[in-house]
Structure formats: C-alpha cells, structure tokens
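Pasted below: start36.cif, mmCIF, C-alpha atoms.
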data_my_file
#
loop_
_atom_site.label_atom_id
_atom_site.label_comp_id
_atom_site.auth_asym_id
_atom_site.auth_seq_id
_atom_site.Cartn_x
_atom_site.Cartn_y
_atom_site.Cartn_z
CA MET O 1 7.98 -104.00 78.37
CA PRO O 2 4.81 -105.48 76.80
CA GLN O 3 6.04 -109.01 77.51
CA VAL O 4 6.16 -108.33 81.27
CA ASP O 5 2.67 -106.85 81.11
CA ASP O 6 1.45 -109.97 79.37
CA LEU O 7 2.93 -112.13 82.11
CA ILE O 8 1.27 -110.06 84.83
CA LEU O 9 -2.03 -110.22 82.98
CA GLU O 10 -1.68 -114.00 82.62
CA LYS O 11 -0.93 -114.41 86.33
CA GLU O 12 -3.81 -112.17 87.43
CA LEU O 13 -6.33 -113.78 85.08
CA ARG O 14 -5.22 -117.27 86.09
CA GLU O 15 -5.89 -116.34 89.73
CA ILE O 16 -9.31 -114.86 88.90
CA ILE O 17 -10.31 -117.95 86.92
CA ALA O 18 -8.96 -120.38 89.54
CA LYS O 19 -10.98 -118.66 92.25
CA ILE O 20 -14.20 -118.81 90.23
CA ILE O 21 -13.78 -122.39 88.98
CA GLU O 22 -12.38 -123.43 92.38
CA ILE O 23 -9.38 -125.34 91.09
CA ALA O 24 -5.62 -125.00 91.57
CA PRO O 25 -4.17 -122.20 89.39
CA ASP O 26 -1.51 -124.49 87.94
CA ARG O 27 -4.20 -126.59 86.24
CA ILE O 28 -5.17 -123.58 84.14
CA THR O 29 -2.78 -123.71 81.23
CA LEU O 30 -3.04 -121.24 78.38
CA GLU O 31 -4.74 -123.77 76.14
CA ALA O 32 -6.91 -125.76 78.63
CA THR O 33 -10.54 -125.31 77.64
CA PHE O 34 -12.74 -124.12 80.48
CA VAL O 35 -15.67 -126.40 79.71
CA ASN O 36 -14.07 -129.61 78.49
CA ASP O 37 -10.83 -129.59 80.48
CA LEU O 38 -11.71 -127.64 83.62
CA GLY O 39 -15.39 -128.43 84.17
CA MET O 40 -16.71 -124.90 83.89
CA ASP O 41 -20.30 -124.00 82.97
CA SER O 42 -21.62 -121.04 81.00
CA MET O 43 -22.51 -118.97 84.06
CA MET O 44 -18.96 -119.31 85.37
CA ALA O 45 -17.82 -117.78 82.08
CA LEU O 46 -20.09 -114.83 82.83
CA GLU O 47 -18.56 -114.56 86.32
CA ILE O 48 -15.07 -114.54 84.82
CA LEU O 49 -16.06 -111.81 82.38
CA ALA O 50 -17.65 -109.78 85.19
CA ALA O 51 -14.52 -110.18 87.35
CA MET O 52 -12.32 -109.10 84.44
CA GLU O 53 -14.46 -106.04 83.83
CA LYS O 54 -14.35 -105.11 87.49
CA LYS O 55 -10.60 -105.60 87.91
CA TYR O 56 -9.51 -103.80 84.75
CA LYS O 57 -12.43 -101.32 84.60
CA ILE O 58 -13.31 -102.38 81.08
CA GLN O 59 -16.62 -103.07 79.33
CA VAL O 60 -16.77 -106.17 77.15
CA PRO O 61 -19.85 -106.57 74.92
CA GLU O 62 -22.09 -109.58 75.56
CA GLU O 63 -21.40 -111.10 72.15
CA LYS O 64 -17.75 -111.61 73.13
CA LEU O 65 -18.72 -114.00 75.93
CA GLY O 66 -18.70 -116.95 73.52
CA ARG O 67 -15.04 -116.25 72.76
CA LEU O 68 -14.03 -116.86 76.36
CA ARG O 69 -12.97 -120.51 76.18
CA THR O 70 -9.39 -120.58 77.51
CA LEU O 71 -7.00 -118.51 79.60
CA LYS O 72 -5.39 -117.41 76.34
CA ASP O 73 -8.80 -116.14 75.14
CA ALA O 74 -9.24 -114.24 78.43
CA ILE O 75 -5.83 -112.58 78.02
CA ASN O 76 -6.61 -111.59 74.42
CA LEU O 77 -10.04 -110.29 75.38
CA ALA O 78 -8.65 -108.21 78.25
CA LYS O 79 -5.92 -106.79 76.02
CA GLU O 80 -8.47 -105.89 73.36
CA TYR O 81 -10.38 -103.66 75.81
CA LEU O 82 -7.58 -102.35 78.05
CA MET H 1 -41.73 -97.25 93.82
CA MET H 2 -43.35 -100.58 92.97
CA ASN H 3 -46.16 -102.23 94.94
CA ILE H 4 -46.79 -105.92 95.58
CA GLU H 5 -48.99 -106.40 92.51
CA GLU H 6 -46.30 -104.97 90.27
CA ILE H 7 -43.71 -107.18 91.97
CA LYS H 8 -45.90 -110.24 91.35
CA SER H 9 -46.20 -109.31 87.70
CA LEU H 10 -42.40 -109.53 87.38
CA ILE H 11 -41.38 -112.62 89.40
CA PRO H 12 -42.99 -116.07 89.60
CA GLN H 13 -42.67 -116.61 93.38
CA ARG H 14 -45.85 -116.54 95.44
CA HIS H 15 -46.86 -116.90 99.09
CA PRO H 16 -45.27 -118.33 101.14
CA PHE H 17 -42.15 -117.68 99.10
CA LEU H 18 -42.59 -114.09 98.05
CA MET H 19 -39.82 -112.30 99.95
CA LEU H 20 -40.40 -108.68 98.92
CA ASP H 21 -43.23 -106.32 99.83
CA ARG H 22 -42.18 -103.21 97.97
CA VAL H 23 -39.56 -101.85 95.61
CA LEU H 24 -38.36 -98.43 96.75
CA GLU H 25 -36.11 -97.54 93.85
CA ILE H 26 -35.01 -99.15 90.63
CA LYS H 27 -32.41 -97.98 88.14
CA PRO H 28 -32.54 -100.35 85.15
CA GLY H 29 -29.08 -101.65 84.28
CA GLU H 30 -27.72 -100.48 87.61
CA SER H 31 -29.43 -101.20 90.92
CA ILE H 32 -32.57 -101.89 92.93
CA ARG H 33 -33.62 -101.21 96.53
CA ALA H 34 -36.54 -103.17 97.96
CA TYR H 35 -37.84 -104.31 101.33
CA LYS H 36 -39.73 -106.97 103.21
CA ASN H 37 -41.56 -106.43 106.48
CA VAL H 38 -40.72 -109.39 108.70
CA SER H 39 -43.76 -110.46 110.72
CA ILE H 40 -44.05 -112.94 113.59
CA ASN H 41 -47.17 -114.27 111.82
CA GLU H 42 -45.05 -116.00 109.18
CA ASP H 43 -45.22 -119.74 109.48
CA TYR H 44 -41.50 -120.53 109.48
CA PHE H 45 -41.07 -118.80 112.85
CA ARG H 46 -42.89 -121.75 114.44
CA GLY H 47 -39.76 -123.80 113.80
CA HIS H 48 -36.98 -121.23 113.32
CA PHE H 49 -36.75 -121.17 116.30
CA PRO H 50 -39.63 -122.02 118.66
CA ASP H 51 -38.31 -119.96 121.56
CA ALA H 52 -36.17 -117.46 119.65
CA PRO H 53 -37.66 -116.41 116.29
CA ILE H 54 -34.94 -115.51 113.76
CA PHE H 55 -35.61 -114.79 110.09
CA PRO H 56 -33.76 -117.55 108.17
CA GLY H 57 -30.62 -116.36 106.40
CA ALA H 58 -31.64 -118.48 103.42
CA LEU H 59 -34.71 -116.28 103.05
CA THR H 60 -32.61 -113.11 103.21
CA ALA H 61 -30.64 -114.60 100.32
CA GLU H 62 -33.92 -115.38 98.55
CA ALA H 63 -35.06 -111.75 98.98
CA MET H 64 -31.79 -110.63 97.40
CA ALA H 65 -32.30 -113.04 94.49
CA GLN H 66 -35.88 -111.88 93.92
CA ALA H 67 -34.74 -108.25 93.86
CA ALA H 68 -32.02 -109.19 91.36
CA CYS H 69 -34.63 -110.89 89.20
CA ILE H 70 -36.79 -107.74 89.17
CA LEU H 71 -33.74 -105.64 88.29
CA PHE H 72 -32.90 -108.06 85.48
CA LYS H 73 -36.43 -108.00 84.05
CA LYS H 74 -36.59 -104.22 84.15
CA SER H 75 -33.14 -103.99 82.57
CA MET H 76 -33.76 -106.63 79.88
CA PRO H 77 -37.46 -106.20 79.05
CA ASP H 78 -37.18 -108.13 75.78
CA VAL H 79 -35.83 -111.29 77.49
CA ASN H 80 -38.56 -113.75 78.44
CA VAL H 81 -37.61 -115.09 81.88
CA THR H 82 -39.83 -118.01 82.86
CA THR H 83 -37.63 -119.58 85.53
CA PRO H 84 -34.73 -117.72 87.10
CA TYR H 85 -32.34 -119.96 89.01
CA ILE H 86 -29.34 -119.18 91.18
CA THR H 87 -26.07 -120.67 90.00
CA ASN H 88 -23.76 -119.10 92.56
CA MET H 89 -24.22 -117.24 95.81
CA LYS H 90 -21.71 -116.16 98.42
CA ILE H 91 -23.32 -114.25 101.27
CA ARG H 92 -21.87 -113.35 104.63
CA PHE H 93 -24.50 -112.95 107.36
CA LEU H 94 -23.47 -110.36 109.92
CA LYS H 95 -26.45 -109.88 112.25
CA PRO H 96 -29.75 -111.68 112.89
CA VAL H 97 -33.08 -110.43 111.54
CA VAL H 98 -36.06 -110.76 113.88
CA PRO H 99 -39.82 -110.23 113.68
CA GLY H 100 -40.65 -106.54 113.49
CA ASP H 101 -37.61 -105.71 111.40
CA GLN H 102 -37.87 -104.17 107.95
CA LEU H 103 -35.38 -106.02 105.79
CA GLU H 104 -34.07 -103.81 103.00
CA VAL H 105 -32.11 -105.39 100.17
CA ILE H 106 -29.89 -103.53 97.73
CA VAL H 107 -28.70 -105.24 94.57
CA LYS H 108 -26.21 -103.77 92.13
CA SER H 109 -25.51 -105.18 88.71
CA VAL H 110 -21.92 -106.16 87.99
CA LYS H 111 -22.71 -107.66 84.58
CA MET H 112 -25.97 -108.59 82.91
CA VAL H 113 -26.35 -110.49 79.66
CA ARG H 114 -29.40 -112.05 78.05
CA THR H 115 -28.83 -115.39 79.80
CA GLY H 116 -28.33 -114.06 83.33
CA GLY H 117 -26.37 -111.75 85.54
CA VAL H 118 -23.75 -111.25 88.22
CA PHE H 119 -24.71 -109.02 91.13
CA GLU H 120 -23.35 -107.51 94.35
CA THR H 121 -25.82 -107.29 97.19
CA GLU H 122 -26.35 -106.05 100.71
CA ALA H 123 -29.20 -106.33 103.19
CA HIS H 124 -29.88 -103.71 105.83
CA VAL H 125 -32.07 -103.42 108.90
CA ARG H 126 -32.42 -99.79 109.81
CA GLU H 127 -28.97 -98.38 109.00
CA SER H 128 -27.11 -101.55 109.84
CA VAL H 129 -25.70 -103.98 107.22
CA ILE H 130 -26.91 -107.46 108.21
CA ALA H 131 -25.70 -109.44 105.17
CA LYS H 132 -23.63 -108.85 102.06
CA GLY H 133 -22.19 -110.81 99.18
CA GLU H 134 -22.50 -111.64 95.55
CA MET H 135 -24.62 -113.90 93.38
CA THR H 136 -25.11 -115.12 89.85
CA PHE H 137 -28.35 -116.24 88.34
CA ALA H 138 -29.32 -117.70 85.03
CA CYS H 139 -32.61 -117.45 83.17
CA LYS H 140 -34.58 -120.15 81.42
#
The structure given in the file should be rewritten as structure tokens.
Amino acid sequence: MPQVDDLILEKELREIIAKIIEIAPDRITLEATFVNDLGMDSMMALEILAAMEKKYKIQVPEEKLGRLRTLKDAINLAKEYL
Amino acid sequence: MMNIEEIKSLIPQRHPFLMLDRVLEIKPGESIRAYKNVSINEDYFRGHFPDAPIFPGALTAEAMAQAACILFKKSMPDVNVTTPYITNMKIRFLKPVVPGDQLEVIVKSVKMVRTGGVFETEAHVRESVIAKGEMTFACK
C-alpha cells in the first residue's frame, strides 16, 4: 500500500503548503517551485518545515531546509524522516 | 529569572517600546515565560482610549515577539541578531488588558534555525488566557 500512503502524504502536504502560502491547493503541482512559481519567501519555507514536523512528529535538521523547494521535495523530506 | 538590564542586553527595543519587565523562566530551545506590568502612566493610554484605557493588542503581540527574541538569543547564542523582524503573526485576542494588569507571555519554540524561528504563544492575565496564536520571525 505504499502508493496510497504517498497519495495521502501528497494531499496533506499540499494542504499544509496552501494554507501557509495562502493560495489554492490546485496551484501547487508536484514540480512548481515555491519561490519562483508560487511566490514564497524563505521564512514561509521554515513555516512549512515546522508544520511538517508538528504534523508528523518528526525532526528535520536545519541543513535540509534548503532542499525544500517543491511539493515533491516536501514529500521526499517527510518520507525520509517518517 | 532575568531582570530588565539583562533583558535590555538581549533585545534592541527601548522605552517606549520595551514590552517586558522581567523574564520568569527560560528553557533554551524550548520556551520562555515573561511579564509586563501594565501601568496607567504609559503614554499610549492617553489615546487608547481617552475614557476607557485598554492596552493595545498590537503591544501584546509585541511583548510576545520580544519574548520570542530573547528565547531565540538564549537558544542560539552564536547567532548575531542585530535586527529581528516579524514575518508572520496570527494572534487571536480573547479579553482586554487594562492598567493594573500583569501581562504574562509564554512562548514555545516550534522550530528554530539560524535565520529565525516559528513559535506558539499565549498571553495571560492572572490565570486567564487573553491572547494566543503563532508567529514567525527572521533575524538580520
């Protein structure tokens, strides 16, 4: 069932990101870059990371923050620490 | 416990914009509890409001931010913070604060990195929660 889990993770992370960036969830494709395509700034990336940590009860090291550029990155990062 | 001189050594705000009098407890990396004594002698009560003095909610939010800044500096002592600035704040104000109240703020770290932090916060007067929310600040 890992594929279903991935879909749930994608849906949940899309909702988290949409709420923080304040845009419609359907604009957040897997490949859309947060900064260039969705208008996010670096502190919003920190908020996304904090929200991910809180929701999934994970701890992501600070140096991974720079890897958080797309929804796909967020999914991979969450999976790495789940 | 941290007195006003120690607070001033950690944050750049000064009168009339210093919104904390004392830090009661600090756990670096985790949380801080601090308070401000709200006095009728403060100048903003002349206009907010002339016949019904209420401590401005914006200043409650500022007290929360200053406490977060102290928590950050104590948690990240090797980071040189010259100017902290708020990038996001969502606070719900539940009850008014009036002269004579002791405004206690509690800030808990959700995530801190070298460039800033995300925090959850509450403000209390006596045992009652008067405001709560979350904020993000960045350091320069």
Distance CA of Arg27 (chain O)-CA of Glu53 (chain O), one decimal place?
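Separation between CA of Arg27 (chain O) and CA of Glu53 (chain O): 23.1 Å.
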Written as a ChimeraX atom specification, what is the full residue list that the PyMOL selection byres ((chain H and resi 116) around 8) yields on the file shown?
/O:43 /H:72,112-115,117-118,136-139
Taking only residues of chain O that have an atom at most 10 Å from an atom of chain H, what is each one's shortest atom pair and its distance in Å to one decimal, using only C-alpha atoms, in chain and number order, as a tab-separated table?
residue	atom	partner	partner_atom	distance
O:Ile20	CA	H:Asn88	CA	9.8
O:Asp41	CA	H:Thr87	CA	9.7
O:Ser42	CA	H:Thr115	CA	9.2
O:Met43	CA	H:Ala138	CA	7.0
O:Met44	CA	H:Thr87	CA	8.6
O:Leu46	CA	H:Val118	CA	7.4
O:Glu47	CA	H:Val118	CA	6.4
O:Ile48	CA	H:Val118	CA	9.9
O:Leu49	CA	H:Lys111	CA	8.1
O:Ala50	CA	H:Lys111	CA	5.5
O:Ala51	CA	H:Val110	CA	8.4
O:Glu53	CA	H:Lys111	CA	8.4
O:Lys54	CA	H:Val110	CA	7.7
O:Gln59	CA	H:Lys111	CA	9.3
O:Val60	CA	H:Lys111	CA	9.6
O:Pro61	CA	H:Val113	CA	8.9
O:Glu62	CA	H:Val113	CA	6.0
O:Glu63	CA	H:Val113	CA	9.0
O:Leu65	CA	H:Val113	CA	9.2
What does the distance from CA of Met52 (chain O) to CA of Glu15 (chain O) come to in Å, to one decimal?
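Value for the CA of Met52 (chain O)-CA of Glu15 (chain O) distance: 11.0 Å.
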Going by the chain IDs and residue numbers used in this file, which residues fall under the PyMOL selection byres ((chain O and resi 12) around 12)? Write them as a CSV table (one decimal) with C-alpha atoms, in the coordinates of the input.
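What ended up in expr_33.csv:
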chain,number,residue,atom,x,y,z
O,5,ASP,CA,2.7,-106.8,81.1
O,6,ASP,CA,1.4,-110.0,79.4
O,7,LEU,CA,2.9,-112.1,82.1
O,8,ILE,CA,1.3,-110.1,84.8
O,9,LEU,CA,-2.0,-110.2,83.0
O,10,GLU,CA,-1.7,-114.0,82.6
O,11,LYS,CA,-0.9,-114.4,86.3
O,13,LEU,CA,-6.3,-113.8,85.1
O,14,ARG,CA,-5.2,-117.3,86.1
O,15,GLU,CA,-5.9,-116.3,89.7
O,16,ILE,CA,-9.3,-114.9,88.9
O,17,ILE,CA,-10.3,-118.0,86.9
O,18,ALA,CA,-9.0,-120.4,89.5
O,19,LYS,CA,-11.0,-118.7,92.2
O,25,PRO,CA,-4.2,-122.2,89.4
O,28,ILE,CA,-5.2,-123.6,84.1
O,48,ILE,CA,-15.1,-114.5,84.8
O,51,ALA,CA,-14.5,-110.2,87.4
O,52,MET,CA,-12.3,-109.1,84.4
O,55,LYS,CA,-10.6,-105.6,87.9
O,56,TYR,CA,-9.5,-103.8,84.8
O,71,LEU,CA,-7.0,-118.5,79.6
O,74,ALA,CA,-9.2,-114.2,78.4
O,75,ILE,CA,-5.8,-112.6,78.0
O,78,ALA,CA,-8.6,-108.2,78.2
Go ahead and compute the interatomic distance for CA of Lys132 (chain H) and CA of Ser31 (chain H), in Å to one decimal.
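About the pair CA of Lys132 (chain H) and CA of Ser31 (chain H): they are 14.7 Å apart.
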Expanded to explicit residues, what is the PyMOL selection byres ((chain O and resi 32) around 12) for this file, as a PDB file with C-alpha atoms, in the frame of the given file?
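This is the output file selection.pdb:
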ATOM      1  CA  ARG O  14      -5.220-117.270  86.090  1.00  0.00           C
ATOM      2  CA  ILE O  17     -10.310-117.950  86.920  1.00  0.00           C
ATOM      3  CA  PRO O  25      -4.170-122.200  89.390  1.00  0.00           C
ATOM      4  CA  ASP O  26      -1.510-124.490  87.940  1.00  0.00           C
ATOM      5  CA  ARG O  27      -4.200-126.590  86.240  1.00  0.00           C
ATOM      6  CA  ILE O  28      -5.170-123.580  84.140  1.00  0.00           C
ATOM      7  CA  THR O  29      -2.780-123.710  81.230  1.00  0.00           C
ATOM      8  CA  LEU O  30      -3.040-121.240  78.380  1.00  0.00           C
ATOM      9  CA  GLU O  31      -4.740-123.770  76.140  1.00  0.00           C
ATOM     10  CA  THR O  33     -10.540-125.310  77.640  1.00  0.00           C
ATOM     11  CA  PHE O  34     -12.740-124.120  80.480  1.00  0.00           C
ATOM     12  CA  VAL O  35     -15.670-126.400  79.710  1.00  0.00           C
ATOM     13  CA  ASN O  36     -14.070-129.610  78.490  1.00  0.00           C
ATOM     14  CA  ASP O  37     -10.830-129.590  80.480  1.00  0.00           C
ATOM     15  CA  LEU O  38     -11.710-127.640  83.620  1.00  0.00           C
ATOM     16  CA  GLY O  39     -15.390-128.430  84.170  1.00  0.00           C
ATOM     17  CA  MET O  40     -16.710-124.900  83.890  1.00  0.00           C
ATOM     18  CA  LEU O  68     -14.030-116.860  76.360  1.00  0.00           C
ATOM     19  CA  ARG O  69     -12.970-120.510  76.180  1.00  0.00           C
ATOM     20  CA  THR O  70      -9.390-120.580  77.510  1.00  0.00           C
ATOM     21  CA  LEU O  71      -7.000-118.510  79.600  1.00  0.00           C
ATOM     22  CA  LYS O  72      -5.390-117.410  76.340  1.00  0.00           C
ATOM     23  CA  ASP O  73      -8.800-116.140  75.140  1.00  0.00           C
ATOM     24  CA  ALA O  74      -9.240-114.240  78.430  1.00  0.00           C
TER      25      ALA O  74
END
At a cut-off of 12 Å, using all atoms listed in the file, what residues contact Val129 (chain H)? Leave out same-chain residues fewer than 3 positions from it and give the result as an mmCIF file with C-alpha atoms, in the coordinates of the input.
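Result file selection.cif:
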data_model
loop_
_atom_site.group_PDB
_atom_site.id
_atom_site.type_symbol
_atom_site.label_atom_id
_atom_site.label_comp_id
_atom_site.auth_asym_id
_atom_site.auth_seq_id
_atom_site.Cartn_x
_atom_site.Cartn_y
_atom_site.Cartn_z
ATOM 1 C CA ARG H 92 -21.870 -113.350 104.630
ATOM 2 C CA PHE H 93 -24.500 -112.950 107.360
ATOM 3 C CA LEU H 94 -23.470 -110.360 109.920
ATOM 4 C CA LYS H 95 -26.450 -109.880 112.250
ATOM 5 C CA PRO H 96 -29.750 -111.680 112.890
ATOM 6 C CA VAL H 97 -33.080 -110.430 111.540
ATOM 7 C CA LEU H 103 -35.380 -106.020 105.790
ATOM 8 C CA GLU H 104 -34.070 -103.810 103.000
ATOM 9 C CA VAL H 105 -32.110 -105.390 100.170
ATOM 10 C CA ILE H 106 -29.890 -103.530 97.730
ATOM 11 C CA THR H 121 -25.820 -107.290 97.190
ATOM 12 C CA GLU H 122 -26.350 -106.050 100.710
ATOM 13 C CA ALA H 123 -29.200 -106.330 103.190
ATOM 14 C CA HIS H 124 -29.880 -103.710 105.830
ATOM 15 C CA VAL H 125 -32.070 -103.420 108.900
ATOM 16 C CA ARG H 126 -32.420 -99.790 109.810
ATOM 17 C CA LYS H 132 -23.630 -108.850 102.060
ATOM 18 C CA GLY H 133 -22.190 -110.810 99.180
#
Given the choices H:Pro56, H:Gly29, H:Pro84, H:Pro12, which gets closest to Asp43 (chain H) if the distance is worked out from only C-alpha atoms?
H:Pro56
